[in-house]
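Report on one structure; see the data block that follows.
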Amino acid sequence: MIIPLILLFIFVLAVIVQLYYYGIIFSKLSGYKGKTASKNELPISVIICAKNEAKNLKTLIPLLVEQDYPKFEIVLINDSSYDKTLKVMNKAKEVYDNIKIVDVKEVDRFKSHKKYALTLGIKAASYDYLLFTDADCKPNSKHWISTMANQFSNNKHIVLGYGKYEKRKGSLLNALIRFETLLAATQYLSYALNNNPYMGVGRNMAYKKDLFFENNGFFNHMDVMSGDDDLLINSIATSTNTAISIEPDSFTTSIPSNGLGKWIHQKRRHITTASYYKKGHKMSLAVFYISNITFLTIGATLLILWHQPILVAALILFRYLFQIITLGKIANKLEEKDIILLFPLLEILLVIVQFNIFIMNLISKPKRWS
């Protein structure tokens, strides 16, 4: 009898912690309407680091050139590609006069060659304000640059945007990828709104060039394969210098992985960077994930044991209602409302995937980015 009582106590504690995150930390984003930003016309350098992305660049470059913004350049970094990436870049440069190309050759001594290539691209940028996306992304509108740039101000030198994934009907994997992306965005955008920014995503973020070099760029984590986005923001963001943009015009849309294995490999690389976050961020994120796993596993165990089933079922229902209301509002803002009713299933699947990734990363480290 003592074991079920202990489990019940742990379960109730996990529910309380979950309600704190969804009701306090994430609720600020769910109720966020966006700040009225002054219209900026700051010169912007849009930076794309590409490795073997010839096909995607053919789609992306025209969308960037057509952006409705008075003064911007496009810095295309060829990260030692062996396909026709450089040829596509050179062709575009012949047509558009605001394109700059940085051709980076392979240098074996860098574990993260992408960070090395990005550093060269940032140095080559003509303007102080830098906006980043990936070659497999598309801006949601021709106002992408302006809606992101409008969040810069005298004291806001970092802008975190949302990088969503294309919707694919009838695909559970696609729904899972988008749920994981939504949950990650809920966390980093909410933390930023609570004056505790800890990461951004390279698919859609911006910062001042001076801020990059004043903090030694990628130097402190150059030996870490990933982290050109989240580890950088973790090191340069403060309680006062970070803004967010959740206007639909400011979103980018990426091509999702078409296979579970490929997506898991991608997530394995990304998750390895979390151990390098600041201690407070690591602790806060760990508490959320541990409480989430505890809620799911111990809740199921108590129901199997049929210990206080009415109380346990009521707490499970209450927590899910709380999640659906809070996360549902955020999903609506971030144009992911079609997966709201799938939250319970997707959450269970995500926990299973994340646990497997954790085990795989303990056994072996993922290889460099391709």
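Note on naming: chains are A, B, ... as they come in the structure tokens, residues start from 1 per chain, ligands start from 1 in the order shown.
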
Could you please write out, as a PDB file with N, CA, C and O atoms, in the first residue's frame, every residue of range 5-81 of chain A that DSSP assigns to alpha helix (DSSP H)?
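Ended up saving to out.pdb:
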ATOM      1  N   LEU A   5       0.900   4.861  -2.633  1.00  0.00           N
ATOM      2  CA  LEU A   5       0.785   6.192  -2.024  1.00  0.00           C
ATOM      3  C   LEU A   5       1.948   7.080  -2.429  1.00  0.00           C
ATOM      4  O   LEU A   5       1.766   8.278  -2.714  1.00  0.00           O
ATOM      5  N   ILE A   6       3.151   6.511  -2.450  1.00  0.00           N
ATOM      6  CA  ILE A   6       4.328   7.278  -2.885  1.00  0.00           C
ATOM      7  C   ILE A   6       4.190   7.678  -4.351  1.00  0.00           C
ATOM      8  O   ILE A   6       4.465   8.825  -4.726  1.00  0.00           O
ATOM      9  N   LEU A   7       3.740   6.714  -5.172  1.00  0.00           N
ATOM     10  CA  LEU A   7       3.538   7.010  -6.590  1.00  0.00           C
ATOM     11  C   LEU A   7       2.490   8.103  -6.786  1.00  0.00           C
ATOM     12  O   LEU A   7       2.654   8.990  -7.644  1.00  0.00           O
ATOM     13  N   LEU A   8       1.427   8.045  -6.002  1.00  0.00           N
ATOM     14  CA  LEU A   8       0.379   9.060  -6.099  1.00  0.00           C
ATOM     15  C   LEU A   8       0.923  10.435  -5.731  1.00  0.00           C
ATOM     16  O   LEU A   8       0.622  11.438  -6.401  1.00  0.00           O
ATOM     17  N   PHE A   9       1.746  10.498  -4.693  1.00  0.00           N
ATOM     18  CA  PHE A   9       2.338  11.773  -4.277  1.00  0.00           C
ATOM     19  C   PHE A   9       3.227  12.330  -5.399  1.00  0.00           C
ATOM     20  O   PHE A   9       3.154  13.525  -5.725  1.00  0.00           O
ATOM     21  N   ILE A  10       4.053  11.474  -5.996  1.00  0.00           N
ATOM     22  CA  ILE A  10       4.938  11.913  -7.082  1.00  0.00           C
ATOM     23  C   ILE A  10       4.113  12.374  -8.282  1.00  0.00           C
ATOM     24  O   ILE A  10       4.428  13.377  -8.929  1.00  0.00           O
ATOM     25  N   PHE A  11       3.036  11.636  -8.568  1.00  0.00           N
ATOM     26  CA  PHE A  11       2.173  11.981  -9.689  1.00  0.00           C
ATOM     27  C   PHE A  11       1.527  13.349  -9.490  1.00  0.00           C
ATOM     28  O   PHE A  11       1.525  14.183 -10.407  1.00  0.00           O
ATOM     29  N   VAL A  12       0.995  13.599  -8.303  1.00  0.00           N
ATOM     30  CA  VAL A  12       0.364  14.898  -8.006  1.00  0.00           C
ATOM     31  C   VAL A  12       1.383  16.023  -8.144  1.00  0.00           C
ATOM     32  O   VAL A  12       1.089  17.091  -8.700  1.00  0.00           O
ATOM     33  N   LEU A  13       2.600  15.772  -7.662  1.00  0.00           N
ATOM     34  CA  LEU A  13       3.665  16.767  -7.778  1.00  0.00           C
ATOM     35  C   LEU A  13       3.983  17.053  -9.245  1.00  0.00           C
ATOM     36  O   LEU A  13       4.168  18.220  -9.641  1.00  0.00           O
ATOM     37  N   ALA A  14       4.027  15.999 -10.054  1.00  0.00           N
ATOM     38  CA  ALA A  14       4.303  16.174 -11.489  1.00  0.00           C
ATOM     39  C   ALA A  14       3.212  16.994 -12.164  1.00  0.00           C
ATOM     40  O   ALA A  14       3.492  17.845 -13.018  1.00  0.00           O
ATOM     41  N   VAL A  15       1.954  16.738 -11.794  1.00  0.00           N
ATOM     42  CA  VAL A  15       0.836  17.503 -12.358  1.00  0.00           C
ATOM     43  C   VAL A  15       0.959  18.974 -11.988  1.00  0.00           C
ATOM     44  O   VAL A  15       0.767  19.862 -12.826  1.00  0.00           O
ATOM     45  N   ILE A  16       1.305  19.251 -10.730  1.00  0.00           N
ATOM     46  CA  ILE A  16       1.461  20.638 -10.274  1.00  0.00           C
ATOM     47  C   ILE A  16       2.560  21.349 -11.063  1.00  0.00           C
ATOM     48  O   ILE A  16       2.395  22.496 -11.502  1.00  0.00           O
ATOM     49  N   VAL A  17       3.678  20.647 -11.276  1.00  0.00           N
ATOM     50  CA  VAL A  17       4.788  21.235 -12.041  1.00  0.00           C
ATOM     51  C   VAL A  17       4.351  21.505 -13.484  1.00  0.00           C
ATOM     52  O   VAL A  17       4.638  22.574 -14.039  1.00  0.00           O
ATOM     53  N   GLN A  18       3.654  20.555 -14.089  1.00  0.00           N
ATOM     54  CA  GLN A  18       3.164  20.739 -15.450  1.00  0.00           C
ATOM     55  C   GLN A  18       2.204  21.936 -15.544  1.00  0.00           C
ATOM     56  O   GLN A  18       2.275  22.732 -16.476  1.00  0.00           O
ATOM     57  N   LEU A  19       1.327  22.057 -14.574  1.00  0.00           N
ATOM     58  CA  LEU A  19       0.394  23.185 -14.567  1.00  0.00           C
ATOM     59  C   LEU A  19       1.120  24.511 -14.405  1.00  0.00           C
ATOM     60  O   LEU A  19       0.711  25.534 -14.964  1.00  0.00           O
ATOM     61  N   TYR A  20       2.221  24.490 -13.662  1.00  0.00           N
ATOM     62  CA  TYR A  20       3.035  25.712 -13.509  1.00  0.00           C
ATOM     63  C   TYR A  20       3.599  26.143 -14.863  1.00  0.00           C
ATOM     64  O   TYR A  20       3.530  27.329 -15.232  1.00  0.00           O
ATOM     65  N   SER A  27       1.763  30.495 -20.625  1.00  0.00           N
ATOM     66  CA  SER A  27       0.530  31.270 -20.799  1.00  0.00           C
ATOM     67  C   SER A  27       0.815  32.692 -21.287  1.00  0.00           C
ATOM     68  O   SER A  27      -0.031  33.314 -21.924  1.00  0.00           O
ATOM     69  N   LYS A  28       2.006  33.192 -21.003  1.00  0.00           N
ATOM     70  CA  LYS A  28       2.352  34.536 -21.462  1.00  0.00           C
ATOM     71  C   LYS A  28       2.382  34.587 -22.987  1.00  0.00           C
ATOM     72  O   LYS A  28       1.962  35.562 -23.604  1.00  0.00           O
ATOM     73  N   LEU A  29       2.872  33.504 -23.588  1.00  0.00           N
ATOM     74  CA  LEU A  29       2.882  33.431 -25.053  1.00  0.00           C
ATOM     75  C   LEU A  29       1.480  33.186 -25.587  1.00  0.00           C
ATOM     76  O   LEU A  29       1.103  33.751 -26.615  1.00  0.00           O
ATOM     77  N   SER A  30       0.689  32.368 -24.888  1.00  0.00           N
ATOM     78  CA  SER A  30      -0.668  32.073 -25.374  1.00  0.00           C
ATOM     79  C   SER A  30      -1.532  33.331 -25.404  1.00  0.00           C
ATOM     80  O   SER A  30      -2.433  33.446 -26.230  1.00  0.00           O
ATOM     81  N   ALA A  54      21.656  22.848 -53.947  1.00  0.00           N
ATOM     82  CA  ALA A  54      21.403  23.466 -55.254  1.00  0.00           C
ATOM     83  C   ALA A  54      19.912  23.554 -55.574  1.00  0.00           C
ATOM     84  O   ALA A  54      19.406  24.598 -55.990  1.00  0.00           O
ATOM     85  N   LYS A  55      19.214  22.448 -55.385  1.00  0.00           N
ATOM     86  CA  LYS A  55      17.783  22.412 -55.727  1.00  0.00           C
ATOM     87  C   LYS A  55      16.985  23.396 -54.880  1.00  0.00           C
ATOM     88  O   LYS A  55      16.149  24.146 -55.406  1.00  0.00           O
ATOM     89  N   ASN A  56      17.218  23.400 -53.570  1.00  0.00           N
ATOM     90  CA  ASN A  56      16.456  24.294 -52.691  1.00  0.00           C
ATOM     91  C   ASN A  56      16.781  25.764 -52.940  1.00  0.00           C
ATOM     92  O   ASN A  56      15.894  26.619 -52.835  1.00  0.00           O
ATOM     93  N   LEU A  57      18.028  26.063 -53.276  1.00  0.00           N
ATOM     94  CA  LEU A  57      18.407  27.458 -53.533  1.00  0.00           C
ATOM     95  C   LEU A  57      17.701  28.021 -54.763  1.00  0.00           C
ATOM     96  O   LEU A  57      17.390  29.210 -54.819  1.00  0.00           O
ATOM     97  N   LYS A  58      17.434  27.168 -55.742  1.00  0.00           N
ATOM     98  CA  LYS A  58      16.720  27.628 -56.935  1.00  0.00           C
ATOM     99  C   LYS A  58      15.323  28.147 -56.581  1.00  0.00           C
ATOM    100  O   LYS A  58      14.795  29.045 -57.245  1.00  0.00           O
ATOM    101  N   THR A  59      14.739  27.566 -55.533  1.00  0.00           N
ATOM    102  CA  THR A  59      13.417  28.021 -55.067  1.00  0.00           C
ATOM    103  C   THR A  59      13.548  29.216 -54.140  1.00  0.00           C
ATOM    104  O   THR A  59      12.775  30.180 -54.225  1.00  0.00           O
ATOM    105  N   LEU A  60      14.513  29.161 -53.224  1.00  0.00           N
ATOM    106  CA  LEU A  60      14.621  30.186 -52.183  1.00  0.00           C
ATOM    107  C   LEU A  60      15.087  31.538 -52.697  1.00  0.00           C
ATOM    108  O   LEU A  60      14.516  32.578 -52.326  1.00  0.00           O
ATOM    109  N   ILE A  61      16.103  31.566 -53.536  1.00  0.00           N
ATOM    110  CA  ILE A  61      16.709  32.850 -53.937  1.00  0.00           C
ATOM    111  C   ILE A  61      15.695  33.815 -54.555  1.00  0.00           C
ATOM    112  O   ILE A  61      15.638  34.988 -54.156  1.00  0.00           O
ATOM    113  N   PRO A  62      14.849  33.379 -55.510  1.00  0.00           N
ATOM    114  CA  PRO A  62      13.851  34.324 -56.052  1.00  0.00           C
ATOM    115  C   PRO A  62      12.898  34.862 -54.980  1.00  0.00           C
ATOM    116  O   PRO A  62      12.489  36.034 -55.036  1.00  0.00           O
ATOM    117  N   LEU A  63      12.545  34.030 -53.990  1.00  0.00           N
ATOM    118  CA  LEU A  63      11.657  34.489 -52.919  1.00  0.00           C
ATOM    119  C   LEU A  63      12.340  35.547 -52.055  1.00  0.00           C
ATOM    120  O   LEU A  63      11.680  36.472 -51.550  1.00  0.00           O
ATOM    121  N   LEU A  64      13.631  35.416 -51.869  1.00  0.00           N
ATOM    122  CA  LEU A  64      14.369  36.412 -51.088  1.00  0.00           C
ATOM    123  C   LEU A  64      14.520  37.713 -51.863  1.00  0.00           C
ATOM    124  O   LEU A  64      14.352  38.807 -51.311  1.00  0.00           O
ATOM    125  N   VAL A  65      14.836  37.595 -53.133  1.00  0.00           N
ATOM    126  CA  VAL A  65      15.026  38.790 -53.969  1.00  0.00           C
ATOM    127  C   VAL A  65      13.746  39.612 -54.047  1.00  0.00           C
ATOM    128  O   VAL A  65      13.784  40.851 -54.106  1.00  0.00           O
TER     129      VAL A  65
END

TODO: Excluding range 234-244 of chain A and residues on its chain fewer than 5 positions from it, collect all residues at most 10 Å away from it, counting only C-alpha atoms, and give them as a VMD selection string.
DONE: chain A and resid 34 to 35 148 151 to 162 188 to 200 205 to 207 211 to 212 214 to 218 220 to 221 227 229 274 276 to 278 281

Non-local contacts of range 43-47 of chain A (10 Å; only C-alpha atoms; under 4 positions in same chain excluded) as a compact mmCIF listing (two decimals) with N, CA, C and O atoms, in the first residue's frame:
# COMPACT_ATOMS: atom_id res chain seq x y z
N LEU A 64 13.63 35.42 -51.87
CA LEU A 64 14.37 36.41 -51.09
C LEU A 64 14.52 37.71 -51.86
O LEU A 64 14.35 38.81 -51.31
N TYR A 69 11.39 45.20 -49.13
CA TYR A 69 12.21 45.87 -48.11
C TYR A 69 13.19 46.79 -48.84
O TYR A 69 13.75 46.40 -49.87
N PRO A 70 13.37 48.00 -48.30
CA PRO A 70 14.13 49.01 -49.07
C PRO A 70 15.60 48.72 -49.29
O PRO A 70 16.14 49.02 -50.35
N LYS A 71 16.28 48.15 -48.30
CA LYS A 71 17.73 47.97 -48.44
C LYS A 71 18.18 46.68 -47.77
O LYS A 71 18.19 46.57 -46.56
N PHE A 72 18.55 45.69 -48.58
CA PHE A 72 19.05 44.43 -48.03
C PHE A 72 19.96 43.75 -49.04
O PHE A 72 19.88 44.01 -50.25
N GLU A 73 20.82 42.92 -48.54
CA GLU A 73 21.66 42.09 -49.39
C GLU A 73 21.43 40.63 -49.01
O GLU A 73 20.95 40.34 -47.91
N ILE A 74 21.80 39.74 -49.90
CA ILE A 74 21.69 38.31 -49.64
C ILE A 74 23.11 37.72 -49.68
O ILE A 74 23.78 37.77 -50.71
N VAL A 75 23.54 37.21 -48.54
CA VAL A 75 24.87 36.61 -48.44
C VAL A 75 24.70 35.09 -48.53
O VAL A 75 24.15 34.47 -47.63
N LEU A 76 25.17 34.52 -49.63
CA LEU A 76 25.08 33.08 -49.86
C LEU A 76 26.43 32.44 -49.55
O LEU A 76 27.44 32.78 -50.18
N ILE A 77 26.44 31.54 -48.58
CA ILE A 77 27.67 30.87 -48.18
C ILE A 77 27.66 29.45 -48.72
O ILE A 77 26.79 28.65 -48.37
N ASN A 98 22.19 42.38 -55.65
CA ASN A 98 22.32 42.46 -54.18
C ASN A 98 22.72 41.13 -53.56
O ASN A 98 22.51 40.89 -52.38
N ILE A 99 23.32 40.26 -54.36
CA ILE A 99 23.78 38.96 -53.88
C ILE A 99 25.30 38.97 -53.71
O ILE A 99 26.03 39.45 -54.58
N LYS A 100 25.74 38.46 -52.57
CA LYS A 100 27.17 38.31 -52.30
C LYS A 100 27.43 36.83 -52.02
O LYS A 100 26.66 36.18 -51.31
N LEU A 118 29.85 29.98 -41.45
CA LEU A 118 28.98 31.09 -41.04
C LEU A 118 29.79 32.29 -40.57
O LEU A 118 29.45 33.44 -40.86
N GLY A 121 30.93 34.14 -43.48
CA GLY A 121 29.81 34.84 -44.09
C GLY A 121 29.41 36.08 -43.31
O GLY A 121 29.11 37.13 -43.90
N ILE A 122 29.41 35.96 -41.99
CA ILE A 122 29.07 37.11 -41.14
C ILE A 122 30.11 38.22 -41.29
O ILE A 122 29.77 39.41 -41.36
N ALA A 124 31.77 38.83 -43.93
CA ALA A 124 31.61 39.41 -45.26
C ALA A 124 30.35 40.27 -45.39
O ALA A 124 30.23 41.06 -46.34
N ALA A 125 29.42 40.13 -44.46
CA ALA A 125 28.16 40.89 -44.53
C ALA A 125 28.43 42.40 -44.48
O ALA A 125 29.24 42.87 -43.68
N SER A 126 27.74 43.14 -45.31
CA SER A 126 27.96 44.58 -45.40
C SER A 126 27.25 45.36 -44.30
O SER A 126 27.67 46.47 -43.96
N TYR A 127 26.17 44.78 -43.74
CA TYR A 127 25.34 45.53 -42.81
C TYR A 127 25.43 44.99 -41.39
O TYR A 127 25.85 43.85 -41.17
N ASP A 128 25.01 45.81 -40.43
CA ASP A 128 25.12 45.47 -39.01
C ASP A 128 24.02 44.54 -38.52
O ASP A 128 24.18 43.88 -37.49
N TYR A 129 22.89 44.50 -39.22
CA TYR A 129 21.78 43.67 -38.79
C TYR A 129 21.69 42.43 -39.70
O TYR A 129 21.61 42.56 -40.93
N LEU A 130 21.72 41.26 -39.07
CA LEU A 130 21.81 39.99 -39.80
C LEU A 130 20.55 39.17 -39.59
O LEU A 130 20.08 39.01 -38.46
N LEU A 131 20.02 38.63 -40.67
CA LEU A 131 18.82 37.80 -40.62
C LEU A 131 19.16 36.44 -41.24
O LEU A 131 19.70 36.38 -42.36
N PHE A 132 18.85 35.36 -40.51
CA PHE A 132 19.28 34.03 -40.91
C PHE A 132 18.09 33.13 -41.27
O PHE A 132 17.05 33.16 -40.62
N THR A 133 18.31 32.30 -42.27
CA THR A 133 17.40 31.21 -42.56
C THR A 133 18.21 30.10 -43.23
O THR A 133 19.41 30.26 -43.48
N ASP A 134 17.56 28.97 -43.49
CA ASP A 134 18.23 27.84 -44.13
C ASP A 134 17.81 27.72 -45.58
O ASP A 134 16.75 28.23 -45.98
N ALA A 135 18.61 26.99 -46.35
CA ALA A 135 18.36 26.87 -47.78
C ALA A 135 17.06 26.12 -48.09
O ALA A 135 16.45 26.33 -49.15
N ILE A 145 11.29 39.92 -44.21
CA ILE A 145 12.39 40.75 -43.71
C ILE A 145 11.86 41.90 -42.87
O ILE A 145 12.35 42.18 -41.76
N SER A 146 10.84 42.58 -43.35
CA SER A 146 10.34 43.76 -42.64
C SER A 146 9.72 43.41 -41.29
O SER A 146 9.94 44.11 -40.29
N ALA A 149 12.64 42.58 -39.01
CA ALA A 149 13.46 43.77 -38.76
C ALA A 149 12.75 44.78 -37.86
O ALA A 149 13.39 45.50 -37.08
N ALA A 206 17.41 36.58 -36.02
CA ALA A 206 18.21 37.74 -36.43
C ALA A 206 18.96 38.29 -35.23
O ALA A 206 18.51 38.18 -34.09
N LYS A 208 22.37 41.41 -34.18
CA LYS A 208 23.33 42.41 -34.63
C LYS A 208 24.71 41.78 -34.81
O LYS A 208 25.13 40.96 -34.01
N LYS A 209 25.38 42.21 -35.84
CA LYS A 209 26.72 41.72 -36.13
C LYS A 209 27.69 42.01 -34.98
O LYS A 209 28.50 41.16 -34.59

- [ ] Any chance you could list, as number ranges by chain, the residues in range 4-53 of chain A that come up strand (DSSP E or B) when DSSP is run on the backbone?
- [x] A: 44-50

Open item on the list: Between A:Ala117, A:Leu183, A:Leu315, A:Tyr32, which residue has the minimum interatomic distance to Phe288 in chain A, considering only C-alpha atoms?
Closed with: A:Leu183

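Computed from the coordinates, the CA of Gln67 in chain A to CA of Lys142 in chain A distance equals 4.4 Å.
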
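One distance worth recording is that between CA of Lys123 in chain A and CA of Asn150 in chain A, which is 23.3 Å.
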
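Distance-wise, CA of Ile246 in chain A and CA of Thr181 in chain A end up 14.2 Å apart.
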
TODO: Find, counting only C-alpha atoms, the residue in A:Leu345, A:Asp230, A:Thr186, A:Asp68 that gets nearest to Thr273 in chain A.
DONE: A:Asp230
